[in-house]
Amino acid sequence: MSDLHETAATGTEARAVAVRRRLTRPLIWVAAAALAIAVPFYLEGFWLQTGLFAMSAAVGAIGINLLTGSTGQLSMGHAFFLAIGAYAYVYFSADPEQGARQALGGLGLPTPLAAVLAVLTAGVAGGLFSPIAGRLKGAYLGIATLALIFLGQHLLFNATAVTGGYNGRAVPPLHLFGLTFADTPALVVMDVPFGALERLWFLGLLLVLGAAAFARGVLRGRPGRAMNTIRDHEIAAGVMGVPVARYRAGVFVLSSMYGGLAGVMLALVFQRTVPDYFGVFLSLDYLAMIVIGGLGSIGGAVIGAVFVSMLPQLLTRYSDSLPLIAEPGSGGVSPAEAARILYGAAVVSVVLFLPGGLAGLFARLRAGGGGRTGRPARARGLRFSSSPTPTPSPDTRS
Amino acid sequence: MTPSYQPDGMPLLDVRDVTVRFAGLTALDGVGFAVAPGTVHAVIGPNGAGKSTFFNVLSGVYKATSGSVRLDGAELTALPPHRVAALGVARTFQNIALSRHLPVVDNLMLGRHRLTRAGFVSSGLRLPHARREWARHLDRVTEIAGFVGLGDRLGTPVGLLPYGVQKRVELARALCMEPRLLLLDEPVAGMNGGERLDMAELIVAVRESLGISVLLVEHDMGMVMRLADRVTVLDFGRRIADGTPEEVQRDPHVVRAYLGTSPDQEDM
């Protein structure tokens, strides 16, 4: 990996690079912020919805990347925690109703409180699983968490009083600081009608930024060092004073809460929760996101989330002008299937050719172009089991 | 950093009758010895003598089948590794166990884990006390890095450093735990002559300037005889000798274990 992290250039060259970066960094940020703010004013609903799905996926992917990429703990159960977040939000915020065929429960709490409680509920669910999450390592945890998916599917279909069963439930729109995140009441900003998607866009941006900043703080701080060492050398972590089981459990809870927040966001965008969505394929999608984006890297999780969640949407939209892709239901390769095939191929190519994922690729391009110095690319997740990088495995038991 | 323990004749580490069995194989058989405070104590023995198993018992990685290990009176054998670390036992690994992609400073800061408090929430939100704690401990880590001779390497990813320097990073990381007892598992294995000398000087400095007791496993006899105040020799999981380097070198059991048996020594 030495091509990724070149040693610090010395003297004046390093200083020149540092100055250049200090000048260009804020510019890039300002440009990105302007672009993100301009989007709802120019793009149509389809793009906004696709972008919002990507934002929700980004939050979820950051969460599972903390667990899988940075701590080396595989989870197949991420979809379960998204479901908990989505359904808990609905249950906490909806008013109870007596339908024709079934009664739906609800607490009718203020929606921001319901959203916070939903995230906490996902954390509690992760906490309940933590005796297992703390004891099992790596792929074994992956197998155990698979059970959560089946448990989740069973509950979603059968606990109809809470989940609405097969039909799912309508999601009450969020009311925050006097603003309702729905199409009514109508709101027009600078001659652009601001519906639910436009309003949610800004909330989504804030949540993604917040989620990323929090994860970055964790990774760069004391917990992050402990997590990386648990992934790289479990025995060394224990010997250095890290309570390994407690950390594994803690990261699992944190990752569940990220999943829960992603679930709340998804519910708000989708405006309806449906049980089928939270199946094993969603969990696989999340694993694909972090592998493609770059294990252990926050930027990687976001890039991977955008890639994996936008691909099927784009293929669906342009299916008539793309070869080999048929309309959904017409018997050929549907856009969703084509997307899975494509990102399956992407996963394989990343594992074979890009050990740092897309984030690692960008870091390398930047290193090649700009004489990157100082701290190495923070593509920390390179040592997850699928990595082709040969690393000395410490046979500490010899 | 004054040693918290004043030498008064009581050993810092007291190992008694430690036995470790793995399904039918007895890796350690009733091993016992004592490490006096402020000394360098070496454990030597041919390959497979049980030295590494012994280290793993001391650091809590393995559970002893029977016997007792006491650090300053506190029993270690029932504790998980992180609790052993909390009592002031630090160790290095025979095969380097660092995070290769992280810079030296992050690897060293891991050594401060048990001395710091910042959790998920305070780190994630970058609360002021977490940042202050980080800055305070960074000072000490920088100081230790200077002591070990890594002062100018703090920002370099560990994977880019030469092998000998990585071994130093391991030692520095252990020192960052502010231990009372330092366990070194083959600190000079695979090093060239110059690196060996540097490491030996460093170990002496650790004992003399920091007052830390050192227990080391090593194959390099020259180094053991030069550095160690006392030597324990293991063979096939048993203690066959214990004494000063001179005593041990003369011990017929040791000669036999290392050089093989000759007929006239058979009855000793």
# chains A, B, ... in the order shown; residues from 1 in each chain; ligands from 1
call {"tool": "residues_around", "arguments": {"residues": "Leu202 of chain B", "least_positions_apart": "6", "cutoff": "12 Å", "atoms": "only C-alpha atoms", "output": "compact mmCIF listing (two decimals) with N, CA and C atoms, in the first residue's frame"}}
result
# COMPACT_ATOMS: atom_id res chain seq x y z
N ILE B 144 7.41 10.61 25.08
CA ILE B 144 7.83 9.20 25.05
C ILE B 144 8.44 8.87 23.68
N ALA B 145 7.82 9.41 22.62
CA ALA B 145 8.36 9.15 21.29
C ALA B 145 9.78 9.68 21.19
N GLY B 146 10.03 10.84 21.77
CA GLY B 146 11.37 11.39 21.78
C GLY B 146 12.33 10.48 22.54
N PHE B 147 11.89 9.98 23.66
CA PHE B 147 12.70 9.09 24.49
C PHE B 147 13.11 7.84 23.72
N VAL B 148 12.18 7.32 22.92
CA VAL B 148 12.43 6.08 22.19
C VAL B 148 13.15 6.37 20.86
N GLY B 149 13.25 7.64 20.50
CA GLY B 149 13.93 7.99 19.27
C GLY B 149 13.01 8.02 18.07
N LEU B 150 11.73 8.30 18.32
CA LEU B 150 10.76 8.36 17.22
C LEU B 150 10.22 9.77 17.04
N LYS B 167 9.57 -2.02 15.52
CA LYS B 167 9.72 -2.66 16.83
C LYS B 167 9.82 -1.60 17.93
N ARG B 168 10.46 -0.48 17.60
CA ARG B 168 10.54 0.61 18.56
C ARG B 168 9.17 1.22 18.82
N LEU B 171 7.44 -0.82 21.25
CA LEU B 171 7.94 -0.57 22.61
C LEU B 171 7.41 0.76 23.13
N ALA B 172 7.41 1.77 22.25
CA ALA B 172 6.92 3.09 22.67
C ALA B 172 5.45 3.01 23.03
N LEU B 175 5.16 1.68 26.37
CA LEU B 175 5.56 2.67 27.38
C LEU B 175 4.48 3.72 27.59
N PRO B 187 12.33 -8.80 21.66
CA PRO B 187 12.43 -7.42 21.16
C PRO B 187 13.44 -7.23 20.04
N VAL B 188 14.42 -8.12 19.89
CA VAL B 188 15.40 -7.89 18.81
C VAL B 188 15.33 -8.95 17.73
N GLU B 195 20.73 -2.34 14.94
CA GLU B 195 19.41 -2.20 15.54
C GLU B 195 19.35 -2.91 16.89
N ARG B 196 20.05 -4.06 16.96
CA ARG B 196 20.06 -4.81 18.22
C ARG B 196 20.68 -3.99 19.34
N GLU B 208 16.44 2.19 33.66
CA GLU B 208 17.15 3.13 34.52
C GLU B 208 16.47 4.49 34.61
N SER B 209 15.98 5.02 33.48
CA SER B 209 15.38 6.37 33.56
C SER B 209 13.92 6.31 33.99
N LEU B 210 13.21 5.27 33.59
CA LEU B 210 11.78 5.25 33.90
C LEU B 210 11.47 4.35 35.09
N VAL B 214 11.38 -4.91 33.68
CA VAL B 214 11.25 -5.48 32.34
C VAL B 214 11.36 -7.00 32.43
N LEU B 227 22.11 -7.89 29.33
CA LEU B 227 21.05 -7.03 29.87
C LEU B 227 20.44 -7.50 31.18
call {"tool": "residues_around", "arguments": {"residues": "Val217 of chain B", "least_positions_apart": "6", "cutoff": "9 Å", "atoms": "only C-alpha atoms", "output": "list in words"}}
result
His41, Ala42, Val43, Ile44, Gly45, Lys51, Ser52, Phe55, Leu183, Leu184, Asp185, Glu186, Pro187 and Val224 of chain B
call {"tool": "interface_residues", "arguments": {"of": "chain B", "to": "chain A", "cutoff": "8 Å", "atoms": "only C-alpha atoms", "output": "ChimeraX atom specification"}}
result
/B:52-53,56,59-61,80-86,90-91,93-99,101-103,106-107,109-111,113-114,116,118-121,123-126,155-157,159-160,174,177
call {"tool": "write_last_selection", "arguments": {"atoms": "N, CA and C atoms", "output": "tab-separated table (two decimals), in the first residue's frame"}}
result
chain	number	residue	atom	x	y	z
B	52	SER	N	6.36	-18.14	24.95
B	52	SER	CA	5.28	-17.27	24.47
B	52	SER	C	3.97	-17.59	25.18
B	53	THR	N	3.74	-18.88	25.43
B	53	THR	CA	2.55	-19.27	26.21
B	53	THR	C	2.57	-18.55	27.54
B	56	ASN	N	1.59	-15.04	27.23
B	56	ASN	CA	0.15	-14.91	27.03
B	56	ASN	C	-0.63	-15.12	28.32
B	59	SER	N	-0.26	-11.80	30.31
B	59	SER	CA	-1.03	-10.65	29.83
B	59	SER	C	-2.52	-10.96	29.75
B	60	GLY	N	-2.93	-12.13	30.22
B	60	GLY	CA	-4.36	-12.41	30.29
B	60	GLY	C	-4.95	-12.98	29.02
B	61	VAL	N	-4.11	-13.22	28.00
B	61	VAL	CA	-4.62	-13.75	26.74
B	61	VAL	C	-5.01	-15.22	26.92
B	80	PRO	N	-9.32	-10.69	32.46
B	80	PRO	CA	-9.21	-10.53	31.01
B	80	PRO	C	-8.08	-9.55	30.68
B	81	PRO	N	-7.58	-9.58	29.44
B	81	PRO	CA	-6.40	-8.77	29.10
B	81	PRO	C	-6.51	-7.30	29.47
B	82	HIS	N	-7.69	-6.68	29.24
B	82	HIS	CA	-7.73	-5.24	29.49
B	82	HIS	C	-7.64	-4.92	30.97
B	83	ARG	N	-8.07	-5.86	31.82
B	83	ARG	CA	-7.95	-5.62	33.26
B	83	ARG	C	-6.50	-5.79	33.70
B	84	VAL	N	-5.81	-6.75	33.09
B	84	VAL	CA	-4.38	-6.91	33.39
B	84	VAL	C	-3.64	-5.64	33.00
B	85	ALA	N	-4.00	-5.11	31.82
B	85	ALA	CA	-3.36	-3.87	31.37
B	85	ALA	C	-3.62	-2.74	32.37
B	86	ALA	N	-4.83	-2.71	32.91
B	86	ALA	CA	-5.19	-1.64	33.83
B	86	ALA	C	-4.35	-1.70	35.11
B	90	ALA	N	2.27	-3.95	30.53
B	90	ALA	CA	2.24	-3.65	29.10
B	90	ALA	C	3.09	-4.69	28.39
B	91	ARG	N	2.77	-4.96	27.14
B	91	ARG	CA	3.60	-5.93	26.42
B	91	ARG	C	3.78	-5.54	24.97
B	93	PHE	N	4.73	-7.45	21.05
B	93	PHE	CA	4.49	-8.73	20.42
B	93	PHE	C	5.69	-9.16	19.59
B	94	GLN	N	5.84	-10.47	19.52
B	94	GLN	CA	6.94	-11.03	18.75
B	94	GLN	C	6.79	-10.62	17.28
B	95	ASN	N	5.58	-10.80	16.77
B	95	ASN	CA	5.28	-10.29	15.43
B	95	ASN	C	4.56	-8.98	15.62
B	96	ILE	N	4.99	-7.98	14.90
B	96	ILE	CA	4.50	-6.63	15.13
B	96	ILE	C	2.98	-6.56	15.03
B	97	ALA	N	2.36	-6.00	16.04
B	97	ALA	CA	0.90	-5.89	16.08
B	97	ALA	C	0.50	-4.43	16.15
B	98	LEU	N	0.86	-3.68	15.11
B	98	LEU	CA	0.50	-2.27	15.03
B	98	LEU	C	-0.53	-2.09	13.91
B	99	SER	N	-1.21	-0.93	13.91
B	99	SER	CA	-2.09	-0.60	12.79
B	99	SER	C	-1.24	0.07	11.72
B	101	HIS	N	-1.65	1.26	8.77
B	101	HIS	CA	-2.07	2.41	7.95
B	101	HIS	C	-2.15	3.69	8.75
B	102	LEU	N	-2.10	3.56	10.06
B	102	LEU	CA	-2.20	4.75	10.89
B	102	LEU	C	-0.80	5.30	11.17
B	103	PRO	N	-0.71	6.62	11.33
B	103	PRO	CA	0.58	7.20	11.67
B	103	PRO	C	1.03	6.75	13.05
B	106	ASP	N	-0.96	7.89	16.17
B	106	ASP	CA	-2.21	7.23	16.50
B	106	ASP	C	-1.97	5.89	17.17
B	107	ASN	N	-0.94	5.20	16.70
B	107	ASN	CA	-0.62	3.93	17.34
B	107	ASN	C	-0.19	4.15	18.79
B	109	MET	N	-1.04	6.72	20.68
B	109	MET	CA	-2.17	7.20	21.47
B	109	MET	C	-3.03	6.03	21.95
B	110	LEU	N	-3.02	4.93	21.21
B	110	LEU	CA	-3.75	3.76	21.67
B	110	LEU	C	-3.23	3.32	23.04
B	111	GLY	N	-1.94	3.48	23.25
B	111	GLY	CA	-1.37	3.13	24.55
B	111	GLY	C	-1.95	3.96	25.68
B	113	HIS	N	-5.01	4.49	26.03
B	113	HIS	CA	-6.44	4.17	26.12
B	113	HIS	C	-6.92	4.08	27.56
B	114	ARG	N	-6.19	3.34	28.37
B	114	ARG	CA	-6.70	3.12	29.72
B	114	ARG	C	-6.52	4.34	30.60
B	116	THR	N	-7.20	7.40	29.47
B	116	THR	CA	-8.09	8.45	28.96
B	116	THR	C	-9.53	7.97	29.07
B	118	ALA	N	-12.39	9.64	27.00
B	118	ALA	CA	-13.32	10.07	25.95
B	118	ALA	C	-14.05	8.88	25.34
B	119	GLY	N	-15.38	8.93	25.32
B	119	GLY	CA	-16.18	7.84	24.77
B	119	GLY	C	-16.74	8.20	23.41
B	120	PHE	N	-17.74	7.42	22.97
B	120	PHE	CA	-18.32	7.65	21.65
B	120	PHE	C	-18.93	9.05	21.55
B	121	VAL	N	-19.71	9.41	22.56
B	121	VAL	CA	-20.45	10.67	22.46
B	121	VAL	C	-19.50	11.86	22.52
B	123	SER	N	-16.32	12.00	21.89
B	123	SER	CA	-15.46	12.06	20.71
B	123	SER	C	-16.25	12.47	19.48
B	124	GLY	N	-17.45	11.87	19.33
B	124	GLY	CA	-18.26	12.16	18.15
B	124	GLY	C	-18.65	13.63	18.10
B	125	LEU	N	-18.98	14.21	19.26
B	125	LEU	CA	-19.38	15.61	19.30
B	125	LEU	C	-18.20	16.54	19.51
B	126	ARG	N	-16.99	15.96	19.62
B	126	ARG	CA	-15.77	16.74	19.85
B	126	ARG	C	-15.96	17.69	21.03
B	155	GLY	N	4.32	11.46	12.42
B	155	GLY	CA	3.28	11.56	11.40
B	155	GLY	C	3.35	10.48	10.34
B	156	THR	N	4.36	9.64	10.40
B	156	THR	CA	4.56	8.64	9.35
B	156	THR	C	3.70	7.40	9.60
B	157	PRO	N	2.99	6.92	8.59
B	157	PRO	CA	2.27	5.66	8.76
B	157	PRO	C	3.24	4.53	9.11
B	159	GLY	N	3.33	1.45	8.54
B	159	GLY	CA	3.68	0.49	7.49
B	159	GLY	C	4.86	0.93	6.63
B	160	LEU	N	5.19	2.22	6.66
B	160	LEU	CA	6.29	2.72	5.83
B	160	LEU	C	7.62	2.68	6.56
B	174	ALA	N	3.86	0.48	24.22
B	174	ALA	CA	3.75	-0.14	25.54
B	174	ALA	C	4.12	0.86	26.63
B	177	MET	N	1.56	3.29	27.98
B	177	MET	CA	0.60	2.84	28.98
B	177	MET	C	1.08	3.15	30.39
call {"tool": "residues_around", "arguments": {"residues": "Leu128 of chain A", "least_positions_apart": "5", "cutoff": "12 Å", "atoms": "only C-alpha atoms", "output": "PyMOL selection string"}}
result
chain A and resi 81+121-123+133-134+148+249-250+252-253+256
call {"tool": "write_last_selection", "arguments": {"atoms": "C-alpha atoms", "output": "PDB file, in the first residue's frame"}}
result
ATOM      1  CA  PHE A  81     -32.363  -1.539  12.238  1.00  0.00           C
ATOM      2  CA  THR A 121     -35.305   2.550  19.795  1.00  0.00           C
ATOM      3  CA  ALA A 122     -32.986   1.262  17.081  1.00  0.00           C
ATOM      4  CA  GLY A 123     -30.118   1.753  19.536  1.00  0.00           C
ATOM      5  CA  ALA A 133     -22.536  -8.632  19.092  1.00  0.00           C
ATOM      6  CA  GLY A 134     -19.861  -8.296  21.773  1.00  0.00           C
ATOM      7  CA  LEU A 148     -32.333 -10.433  12.743  1.00  0.00           C
ATOM      8  CA  ALA A 249     -21.151  -4.086  21.610  1.00  0.00           C
ATOM      9  CA  GLY A 250     -20.868  -0.290  21.739  1.00  0.00           C
ATOM     10  CA  PHE A 252     -22.942  -2.295  17.252  1.00  0.00           C
ATOM     11  CA  VAL A 253     -25.332  -0.040  19.147  1.00  0.00           C
ATOM     12  CA  SER A 256     -27.831   0.429  14.850  1.00  0.00           C
TER      13      SER A 256
END
call {"tool": "select_by_dssp", "arguments": {"residues": "segment 149-386 of chain A", "states": "strand (DSSP E)", "output": "PDB file with N, CA and C atoms, in the first residue's frame"}}
result
ATOM      1  N   ARG A 169     -47.631   1.095   6.517  1.00  0.00           N
ATOM      2  CA  ARG A 169     -48.371   2.220   7.092  1.00  0.00           C
ATOM      3  C   ARG A 169     -47.956   3.515   6.427  1.00  0.00           C
ATOM      4  N   ALA A 170     -48.885   4.455   6.453  1.00  0.00           N
ATOM      5  CA  ALA A 170     -48.552   5.789   5.965  1.00  0.00           C
ATOM      6  C   ALA A 170     -47.689   6.491   7.010  1.00  0.00           C
ATOM      7  N   HIS A 175     -43.040  17.651  11.432  1.00  0.00           N
ATOM      8  CA  HIS A 175     -43.243  19.091  11.683  1.00  0.00           C
ATOM      9  C   HIS A 175     -42.074  19.566  12.526  1.00  0.00           C
ATOM     10  N   LEU A 176     -41.330  20.500  11.991  1.00  0.00           N
ATOM     11  CA  LEU A 176     -40.159  20.954  12.747  1.00  0.00           C
ATOM     12  C   LEU A 176     -40.098  22.466  12.669  1.00  0.00           C
ATOM     13  N   LEU A 179     -42.424  24.212  10.413  1.00  0.00           N
ATOM     14  CA  LEU A 179     -42.394  23.831   9.004  1.00  0.00           C
ATOM     15  C   LEU A 179     -42.863  22.382   8.883  1.00  0.00           C
ATOM     16  N   THR A 180     -43.766  22.165   7.951  1.00  0.00           N
ATOM     17  CA  THR A 180     -44.248  20.812   7.732  1.00  0.00           C
ATOM     18  C   THR A 180     -43.555  20.231   6.503  1.00  0.00           C
ATOM     19  N   VAL A 188     -43.833  28.439  -1.574  1.00  0.00           N
ATOM     20  CA  VAL A 188     -43.118  28.800  -2.804  1.00  0.00           C
ATOM     21  C   VAL A 188     -41.905  29.626  -2.420  1.00  0.00           C
ATOM     22  N   VAL A 189     -40.739  29.176  -2.817  1.00  0.00           N
ATOM     23  CA  VAL A 189     -39.511  29.910  -2.537  1.00  0.00           C
ATOM     24  C   VAL A 189     -38.894  30.314  -3.868  1.00  0.00           C
ATOM     25  N   VAL A 192     -40.197  28.829  -6.987  1.00  0.00           N
ATOM     26  CA  VAL A 192     -40.166  27.375  -7.104  1.00  0.00           C
ATOM     27  C   VAL A 192     -41.083  26.810  -6.028  1.00  0.00           C
ATOM     28  N   PRO A 193     -42.073  25.991  -6.428  1.00  0.00           N
ATOM     29  CA  PRO A 193     -42.932  25.383  -5.406  1.00  0.00           C
ATOM     30  C   PRO A 193     -42.124  24.402  -4.562  1.00  0.00           C
ATOM     31  N   ARG A 272     -44.378   6.075   3.011  1.00  0.00           N
ATOM     32  CA  ARG A 272     -45.085   4.849   3.363  1.00  0.00           C
ATOM     33  C   ARG A 272     -44.025   3.808   3.712  1.00  0.00           C
ATOM     34  N   THR A 273     -44.257   3.041   4.756  1.00  0.00           N
ATOM     35  CA  THR A 273     -43.318   1.964   5.078  1.00  0.00           C
ATOM     36  C   THR A 273     -43.881   0.661   4.544  1.00  0.00           C
TER      37      THR A 273
END
